[in-house]
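Visitor: Here it is, the structure in full.
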Amino acid sequence: MNSAPPAAKAIRPDDAHVAKAMHSFLADIGPSSALAMDSCIHCGRCAEACQFYVQTGDPRYTPIHKIAPFKQAYEREMGPFAFAYKLFGLTPKISAIELMQWQELLYDSCNMCGRCSLICPMGIDIADLVEQARHAMFVAGMTPPDFLGLLAEKEQVTGSPFGLTSPQMRDMLHDIGAKYGVVMRVDEAKADIVPTLSSIDLKTYPSSMAATAKILNHIGANTGLSWTFRTDGFDADNVALTAGDRAGQRKITLGIVRAAIACGAKTLVMPECGHSFTEMRWEAANAYGQELPFRIVQITELLAEGLADGGIRVNKAPQTATYHDACQLSRRGGATAAPRLILQSLGVDLHEMEDGGDANWCCGGGGGVALIKRAQPLRDKAFAIKQRQVEATGADKVFISCSGCRQTLDHGGKAIGWTREVASLLELVADNLRN
Amino acid sequence: MTLLEFARGPAWQASVLILIAGVAWRLVAMILLRRRPQFAAPRHGLPQRIGGGARTILTRFMPRRAFWPRIAVSVVLSATFHIGLGVIIFGGAPHILVIRQFTGLSWPSLPKGVIVIVSGVTLASMIALLLRRLNHPVLRLLSTADDYLSWLLVFLPVLTGMLLSGETVGGYGNLLALHILSVELMVIWLPFGKLMHAGLVFAGRGLMGMNFSRKGAAT
């Protein structure tokens with residue numbers, strides 16, 4: 001496993017960086033990514049599904065174009081007719097300067113939201129190829145040298161993007177418990193349920209941590225199930241994933257897996273965070289090298305499950321609201337129905353956004369784009385779609401199940417002077433528990 | 001040996017051999033790549049995943065409603081062209097005869113006039129697609145020589161076929177030879193360029209459908 005590459009440091013790229021990037025990308029290629037790269041018919045429909053192209057009209061933001069240098073490397077080095085490509089010089093090698101220009105396309109202008117994958121007539125999962133390309137960029141030290149790179153680097157060293165240690169985490173959780181008047185269970189030796197956290201919640205939305213504890217206490221009272229936060233594997237944020245840092249991603253993931261195993265957990269609960277769910281639900285077992293001895297659910301799924309089986313009982317909270325689908329939870333995660341069941345149980349009059357559900361538009365901040373400062377003007381353009389979608393519903397409240405989206409809508413809304421409230425679905429349930 | 005005899009004999013055999021070898025090579029190169037084992041518990045069992053794959057093969061013919069406003073032109077033009085090709089290949093009397101010769105299968109043909117009209121519509125949609133490719137900024141950026149070569153190698157058989165049905169120029173024998181040779185050129189190119197999508201489209205959609213169904217994700 002490689003040590004921390006110079007992700008956050010500005011580098012002067014050369015051919016060695018390009019070679020590293022391409023080697024990493026090609027090493028990742030299996031039958032399905034080869035099929036994906038061999039299949040593209042250059043129809044350009046993916047552009048029409050991408051918020052960055054739709055809002056700017058810049059053809060460079062065409063999703064499949066974002067992996068062009070890597071597709072060239074595949075054709076020249078590994079594809080079925082690589083010998084012909086080399087012999088006739090059909091695809092020139094990309095230069096280091098050109099590859100650096102792709103940094104903006106792979107990071108600033110891609111939320112890995114997978115809307116392009118949904119429109120592709122050939123069934124190419126472009127978002128997956130972008131993730132593979134980001135791995136390559138990270139290995140070559142070509143991650144954006146600002147917030148995203150810095151956080152990923154800190155996370156690989158400490159296990160938390162903000163550099164929090166286990167004792168600090170423990171103190172913070174107890175402080176939150178005291179502030180919100182909720183019993184916090186931390187580092188208990190045995191537990192049936194282990195919830196994980198998002199760094200965004202710790203820094204910006206501590207109320208969601210209190211809500212998690214309140215709901216798990218409620219479930220415990222109704223079902224007898226025990227729970228605990230674990231500070232030896234707590235931060236599900238996994239900035240490493242969005243930065244493309246496979247080693248860091250694996251380290252964070254395995255930390256959480258081991259913590260859950262240590263206390264004999266039967267259920268690991270992912271927080272209101274899209275990509276952390278994707279990572280743990282689908283990659284944790286691969287990182288662990290075998291099936292996990294516990295199940296993994298996103299908090300929204302746990303809530304829907306509890307409301308269905310009586311583990312959670314709520315009072316009605318009638319109001320009019322809309323719901324923003326986090327791409328990694330709905331379109332790519334299969335948890336589209338759960339939030340709607342929750343809202344229905346609470347008696348919320350849901351005004352769906354146009355294209356709501358699986359075809360929903362990304363808020364613009366996903367895939368680490370929110371952590372790239374220079375991407376803000378572009379992000380704002382993508383957010384304008386979300387603004388139009390929300391305003392068209394007529395609802396003055398937006399519920400969300402992802403802290404990253406929540407933060408993007410909070411910031412975006414503030415910038416345009418929104419009076420709409422952006423609220424957590426988890427907190428809505430916690431505020432309306434029936435004791 | 002006349003041009004027609006050449007087209008029907010050695011050229012046909014060579015083109016089919018190249019097609020088979022090329023496709024086999026391309027598929028083997030893909031299949032032999034290392035697969036990563038998947039240990040995460042799937043949301044759905046194998047039957048549902050296979051169903052998801054089959055469903056995706058069909059549903060991607062018709063894009064989701066949310067996407068229509070922005071891709072209607074692309075969808076309508078390419079559907080017209082593909083359906084037109086299908087009608088010509090499987091509805092034209094001479095083509096059915098060829099198919100019967102190789103497989104023993106046969107079905108009633110469409111009237112010649114219908115095939116001529118469909119050929120005209122197909123050619124028109126292909127010209128529109130080409131003009132779009134040359135003018136749309138996204139398509140211009142994505143396009144490679146393969147796109148234009150593949151377009152030409154499909155256009156020529158449709159054009160010569162249409163001319164052949166009317167026996168308008170050059171005499172039947174020569175036109176037929178040109179038509180068969182143009183088809184053979186297309187067959188030879190198929191495994192090496194984007195025409196291969198005629199088969200890969202089903203593999204790609206099917207695999208995506210299975211993978212996404214495994215996750216319970218939208219297909």
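Residue numbers start at 1 in each chain; chains themselves are named A, B, ... in the order of the structure tokens; ligands are numbered from 1 in the order shown.
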Residues near Ile50 (chain B), anyone? I mean within 8 Å using only C-alpha atoms, not counting same-chain ones fewer than 4 positions away, as a count of residues only.
Guide: 4
Visitor: Kindly assemble as JSON lines a list of the chain A residues that lie within 7 Å of chain B, each paired with its nearest atom pair and their distance in Å to one decimal, using only C-alpha atoms, sorted first by chain and then by ascending residue number.
Guide:
```
{"residue": "A:Gly30", "atom": "CA", "partner": "B:Leu33", "partner_atom": "CA", "distance": 5.2}
{"residue": "A:Pro31", "atom": "CA", "partner": "B:Met30", "partner_atom": "CA", "distance": 5.2}
{"residue": "A:Ala34", "atom": "CA", "partner": "B:Met30", "partner_atom": "CA", "distance": 6.3}
{"residue": "A:Leu35", "atom": "CA", "partner": "B:Gly204", "partner_atom": "CA", "distance": 6.6}
{"residue": "A:Ala36", "atom": "CA", "partner": "B:Gly204", "partner_atom": "CA", "distance": 6.7}
{"residue": "A:Ser39", "atom": "CA", "partner": "B:His197", "partner_atom": "CA", "distance": 5.9}
{"residue": "A:Ile41", "atom": "CA", "partner": "B:Lys194", "partner_atom": "CA", "distance": 6.0}
{"residue": "A:His42", "atom": "CA", "partner": "B:Leu142", "partner_atom": "CA", "distance": 5.7}
{"residue": "A:Cys43", "atom": "CA", "partner": "B:Leu139", "partner_atom": "CA", "distance": 6.7}
{"residue": "A:Gly44", "atom": "CA", "partner": "B:Leu139", "partner_atom": "CA", "distance": 5.8}
{"residue": "A:Arg45", "atom": "CA", "partner": "B:Ile71", "partner_atom": "CA", "distance": 6.6}
{"residue": "A:Glu48", "atom": "CA", "partner": "B:Arg70", "partner_atom": "CA", "distance": 6.1}
{"residue": "A:Pro59", "atom": "CA", "partner": "B:Val138", "partner_atom": "CA", "distance": 4.8}
{"residue": "A:Thr62", "atom": "CA", "partner": "B:Val138", "partner_atom": "CA", "distance": 6.9}
{"residue": "A:His65", "atom": "CA", "partner": "B:Leu142", "partner_atom": "CA", "distance": 6.9}
{"residue": "A:Pro80", "atom": "CA", "partner": "B:Arg26", "partner_atom": "CA", "distance": 5.5}
{"residue": "A:Leu118", "atom": "CA", "partner": "B:Thr219", "partner_atom": "CA", "distance": 6.5}
{"residue": "A:Ile119", "atom": "CA", "partner": "B:Pro63", "partner_atom": "CA", "distance": 6.6}
{"residue": "A:Pro121", "atom": "CA", "partner": "B:Arg60", "partner_atom": "CA", "distance": 5.5}
{"residue": "A:Met122", "atom": "CA", "partner": "B:Val201", "partner_atom": "CA", "distance": 5.1}
{"residue": "A:Gly123", "atom": "CA", "partner": "B:Arg205", "partner_atom": "CA", "distance": 4.3}
{"residue": "A:Ile124", "atom": "CA", "partner": "B:Gly204", "partner_atom": "CA", "distance": 6.6}
{"residue": "A:Arg281", "atom": "CA", "partner": "B:Ala40", "partner_atom": "CA", "distance": 6.9}
{"residue": "A:Trp282", "atom": "CA", "partner": "B:Ala40", "partner_atom": "CA", "distance": 5.5}
{"residue": "A:Glu283", "atom": "CA", "partner": "B:Ala40", "partner_atom": "CA", "distance": 6.9}
{"residue": "A:Ala285", "atom": "CA", "partner": "B:Ala40", "partner_atom": "CA", "distance": 5.1}
{"residue": "A:Asn286", "atom": "CA", "partner": "B:Phe39", "partner_atom": "CA", "distance": 5.4}
{"residue": "A:Gln290", "atom": "CA", "partner": "B:Phe39", "partner_atom": "CA", "distance": 5.5}
{"residue": "A:Glu291", "atom": "CA", "partner": "B:Phe39", "partner_atom": "CA", "distance": 5.1}
{"residue": "A:Arg331", "atom": "CA", "partner": "B:Ala218", "partner_atom": "CA", "distance": 5.2}
{"residue": "A:Arg332", "atom": "CA", "partner": "B:Ala217", "partner_atom": "CA", "distance": 4.8}
{"residue": "A:Gly333", "atom": "CA", "partner": "B:Ala217", "partner_atom": "CA", "distance": 5.2}
{"residue": "A:Gly334", "atom": "CA", "partner": "B:Ala217", "partner_atom": "CA", "distance": 4.1}
{"residue": "A:Asp355", "atom": "CA", "partner": "B:Ala66", "partner_atom": "CA", "distance": 5.7}
{"residue": "A:Asp358", "atom": "CA", "partner": "B:Ala218", "partner_atom": "CA", "distance": 6.1}
{"residue": "A:Ala359", "atom": "CA", "partner": "B:Ala66", "partner_atom": "CA", "distance": 6.8}
```
Visitor: Would you export the selected residues with C-alpha atoms as a PDB file, in the first residue's frame, please?
Guide:
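That gives us part.pdb:
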```
ATOM      1  CA  GLY A  30     -11.508  -5.359 -15.282  1.00  0.00           C
ATOM      2  CA  PRO A  31     -13.970  -6.733 -17.831  1.00  0.00           C
ATOM      3  CA  ALA A  34     -13.011  -2.486 -20.471  1.00  0.00           C
ATOM      4  CA  LEU A  35     -16.492  -3.096 -21.819  1.00  0.00           C
ATOM      5  CA  ALA A  36     -17.465   0.419 -20.805  1.00  0.00           C
ATOM      6  CA  SER A  39     -18.702   0.602 -25.919  1.00  0.00           C
ATOM      7  CA  ILE A  41     -20.546   5.431 -29.456  1.00  0.00           C
ATOM      8  CA  HIS A  42     -19.843   9.148 -28.955  1.00  0.00           C
ATOM      9  CA  CYS A  43     -23.521  10.063 -28.948  1.00  0.00           C
ATOM     10  CA  GLY A  44     -22.993  12.887 -26.455  1.00  0.00           C
ATOM     11  CA  ARG A  45     -26.185  12.201 -24.505  1.00  0.00           C
ATOM     12  CA  GLU A  48     -27.295  16.491 -21.501  1.00  0.00           C
ATOM     13  CA  PRO A  59     -18.448  20.694 -24.210  1.00  0.00           C
ATOM     14  CA  THR A  62     -19.210  16.134 -21.283  1.00  0.00           C
ATOM     15  CA  HIS A  65     -14.775  13.313 -22.183  1.00  0.00           C
ATOM     16  CA  PRO A  80      -7.636  -5.536 -27.790  1.00  0.00           C
ATOM     17  CA  LEU A 118     -28.507   6.710 -16.122  1.00  0.00           C
ATOM     18  CA  ILE A 119     -28.867   8.272 -19.560  1.00  0.00           C
ATOM     19  CA  PRO A 121     -27.724   4.174 -24.098  1.00  0.00           C
ATOM     20  CA  MET A 122     -24.741   1.807 -23.957  1.00  0.00           C
ATOM     21  CA  GLY A 123     -24.954   1.213 -20.205  1.00  0.00           C
ATOM     22  CA  ILE A 124     -21.613   2.810 -19.357  1.00  0.00           C
ATOM     23  CA  ARG A 281     -22.208  -0.672   1.861  1.00  0.00           C
ATOM     24  CA  TRP A 282     -20.455  -1.811  -1.299  1.00  0.00           C
ATOM     25  CA  GLU A 283     -16.724  -1.608  -0.712  1.00  0.00           C
ATOM     26  CA  ALA A 285     -16.541  -6.117   2.517  1.00  0.00           C
ATOM     27  CA  ASN A 286     -14.133  -6.023  -0.424  1.00  0.00           C
ATOM     28  CA  GLN A 290     -14.785 -11.454   2.950  1.00  0.00           C
ATOM     29  CA  GLU A 291     -18.436 -11.028   3.846  1.00  0.00           C
ATOM     30  CA  ARG A 331     -30.059   6.962  -7.679  1.00  0.00           C
ATOM     31  CA  ARG A 332     -26.913   5.019  -6.839  1.00  0.00           C
ATOM     32  CA  GLY A 333     -27.770   3.613  -3.435  1.00  0.00           C
ATOM     33  CA  GLY A 334     -31.252   2.184  -3.810  1.00  0.00           C
ATOM     34  CA  ASP A 355     -37.322  14.897 -11.858  1.00  0.00           C
ATOM     35  CA  ASP A 358     -33.815   8.548  -9.175  1.00  0.00           C
ATOM     36  CA  ALA A 359     -33.378  11.188 -11.906  1.00  0.00           C
TER      37      ALA A 359
END
```
Visitor: I'd like the contact shell of region 299-316 of chain A - 9 Å cut-off, only C-alpha atoms, skipping same-chain residues fewer than 5 positions apart - returned as a short mmCIF file (atom, residue, chain, number, x, y, z; two decimals) with C-alpha atoms, in the first residue's frame.
Guide:
```
data_model
loop_
_atom_site.label_atom_id
_atom_site.label_comp_id
_atom_site.auth_asym_id
_atom_site.auth_seq_id
_atom_site.Cartn_x
_atom_site.Cartn_y
_atom_site.Cartn_z
CA PRO A 195 -23.84 4.29 14.34
CA THR A 212 -29.04 9.79 16.24
CA ILE A 215 -33.53 7.69 18.15
CA HIS A 218 -35.85 5.13 21.64
CA ILE A 219 -35.28 1.97 19.59
CA GLY A 220 -33.45 0.46 22.56
CA ALA A 221 -36.39 1.20 24.86
CA ASN A 222 -38.85 -0.36 22.40
CA THR A 223 -36.86 -3.38 21.28
CA VAL A 269 -25.57 2.49 10.65
CA MET A 270 -24.22 5.02 8.19
CA PRO A 271 -24.98 8.68 8.91
CA GLU A 272 -26.77 11.21 6.75
CA ALA A 335 -32.66 4.12 -0.85
CA ALA A 337 -38.31 4.80 -1.11
CA ALA A 338 -37.15 4.99 2.54
CA PRO A 339 -37.30 8.80 3.00
CA ARG A 340 -40.71 8.95 1.36
CA LEU A 341 -42.05 6.31 3.73
CA ILE A 342 -40.71 8.33 6.66
CA SER A 345 -45.46 8.28 8.43
CA LEU A 346 -45.02 11.78 9.82
CA GLY A 347 -47.93 13.14 7.81
CA VAL A 348 -45.76 15.48 5.75
CA SER A 401 -30.67 12.86 4.29
CA LEU A 425 -34.92 14.11 7.95
CA LEU A 426 -33.21 12.35 10.85
CA VAL A 429 -37.96 12.00 13.25
CA ALA A 430 -36.00 12.62 16.47
CA ASP A 431 -38.09 15.71 17.21
CA ASN A 432 -41.33 13.81 16.83
CA LEU A 433 -40.72 10.55 18.69
CA ARG A 434 -43.69 9.30 20.68
CA ASN A 435 -42.66 8.14 24.11
#
```
Visitor: If you run DSSP on this backbone, which residues of region 231-344 of chain A come out as helix (DSSP H, G or I), and could you give them as a ChimeraX atom specification?
Guide: /A:239-243,246-262,274-288,299-309,337-344
Visitor: List the neighbours of region 110-117 of chain B out to 7 Å using only C-alpha atoms; skip same-chain residues closer than 2 positions along the sequence, and give me the result as a PyMOL selection string.
Guide: chain B and resi 88+91-93+108+119-121+162
Visitor: Nearest residue to Arg132 (chain B) out of B:Ala11, B:Leu17, B:Val73, B:Met1, using only C-alpha atoms?
Guide: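 Counting only C-alpha atoms, the residue closest to Arg132 (chain B) is B:Val73.
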Visitor: Can you list, as a list of chain:residue names, all residues belonging to region 201-281 of chain A that DSSP tags as strand (DSSP E or B)?
Guide: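 Everything in region 201-281 of chain A that counts as strand (DSSP E or B) is A:Trp227, A:Phe229, A:Asp235, A:Thr267, A:Leu268, A:Val269, A:Met270.
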Visitor: Give me, as a list in words, all polymer residues having an atom no more than 8 Å from Tyr323 (chain A), counting only C-alpha atoms and skipping those fewer than 2 positions away in the same chain.
Guide: Ala321, Asp325, Leu350, His351, Glu352, Met353, Val398, Phe399 and Ile400 of chain A
Visitor: Return the single residue from A:Asn238, A:Thr231, A:Ser32, A:Thr278 that is closest to Leu148 (chain A), with distances computed using only C-alpha atoms.
Guide: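 Once distances to Leu148 (chain A) are computed over only C-alpha atoms, the minimum belongs to A:Asn238.
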Visitor: Just to confirm, what's the straight-line distance from CA of Met142 (chain A) to CA of Pro69 (chain A) in Å (one decimal)?
Guide: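 CA of Pro69 (chain A) lies at a distance of 13.9 Å from CA of Met142 (chain A).
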Visitor: Tell me, as JSON, numbers by chain, which residues lie within 8 Å of region 249-256 of chain A, counting only C-alpha atoms; anything in the same chain fewer than 2 positions away does not count.
Guide: {"A": [156, 159, 196, 232, 233, 234, 235, 236, 238, 239, 240, 241, 245, 246, 247, 258, 259, 260, 279, 280, 284, 287, 288]}
Visitor: Do a neighbour search on Ile126 (chain A) at 8 Å with only C-alpha atoms, toss out local chain neighbours closer than 2 positions, and write the hits as a list in words.
Guide: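 So the residues in contact are Pro63, Ile64, Gly114, Cys116, Ser117, Ile124, Asp128, Leu129 and Val130 of chain A.
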Visitor: What does the file look like for those residues with N, CA and C atoms, as a compact mmCIF listing (two decimals), in the first residue's frame?
Guide:
```
# COMPACT_ATOMS: atom_id res chain seq x y z
N PRO A 63 -19.48 14.29 -19.71
CA PRO A 63 -18.95 13.28 -18.77
C PRO A 63 -17.93 12.31 -19.37
N ILE A 64 -18.24 11.72 -20.52
CA ILE A 64 -17.31 10.70 -21.03
C ILE A 64 -15.99 11.33 -21.47
N GLY A 114 -23.70 10.25 -11.15
CA GLY A 114 -24.20 9.11 -11.90
C GLY A 114 -25.43 9.39 -12.75
N CYS A 116 -25.28 10.78 -15.57
CA CYS A 116 -24.81 10.43 -16.92
C CYS A 116 -24.90 8.92 -17.14
N SER A 117 -24.64 8.16 -16.06
CA SER A 117 -24.71 6.70 -16.18
C SER A 117 -26.14 6.25 -16.45
N ILE A 124 -22.95 2.54 -19.91
CA ILE A 124 -21.61 2.81 -19.36
C ILE A 124 -21.77 3.54 -18.03
N ASP A 128 -18.40 5.67 -12.32
CA ASP A 128 -17.45 4.68 -11.84
C ASP A 128 -16.08 4.87 -12.51
N LEU A 129 -16.10 5.19 -13.79
CA LEU A 129 -14.83 5.43 -14.50
C LEU A 129 -14.15 6.69 -13.97
N VAL A 130 -14.94 7.69 -13.62
CA VAL A 130 -14.35 8.92 -13.06
C VAL A 130 -13.69 8.60 -11.71
```
Visitor: Could you check which of A:Leu216, A:Ala68, A:Ala140, A:Ala47 is closest to Val18 (chain A), using only C-alpha atoms?
Guide: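 Among the listed residues, the smallest separation from Val18 (chain A) belongs to A:Ala140.
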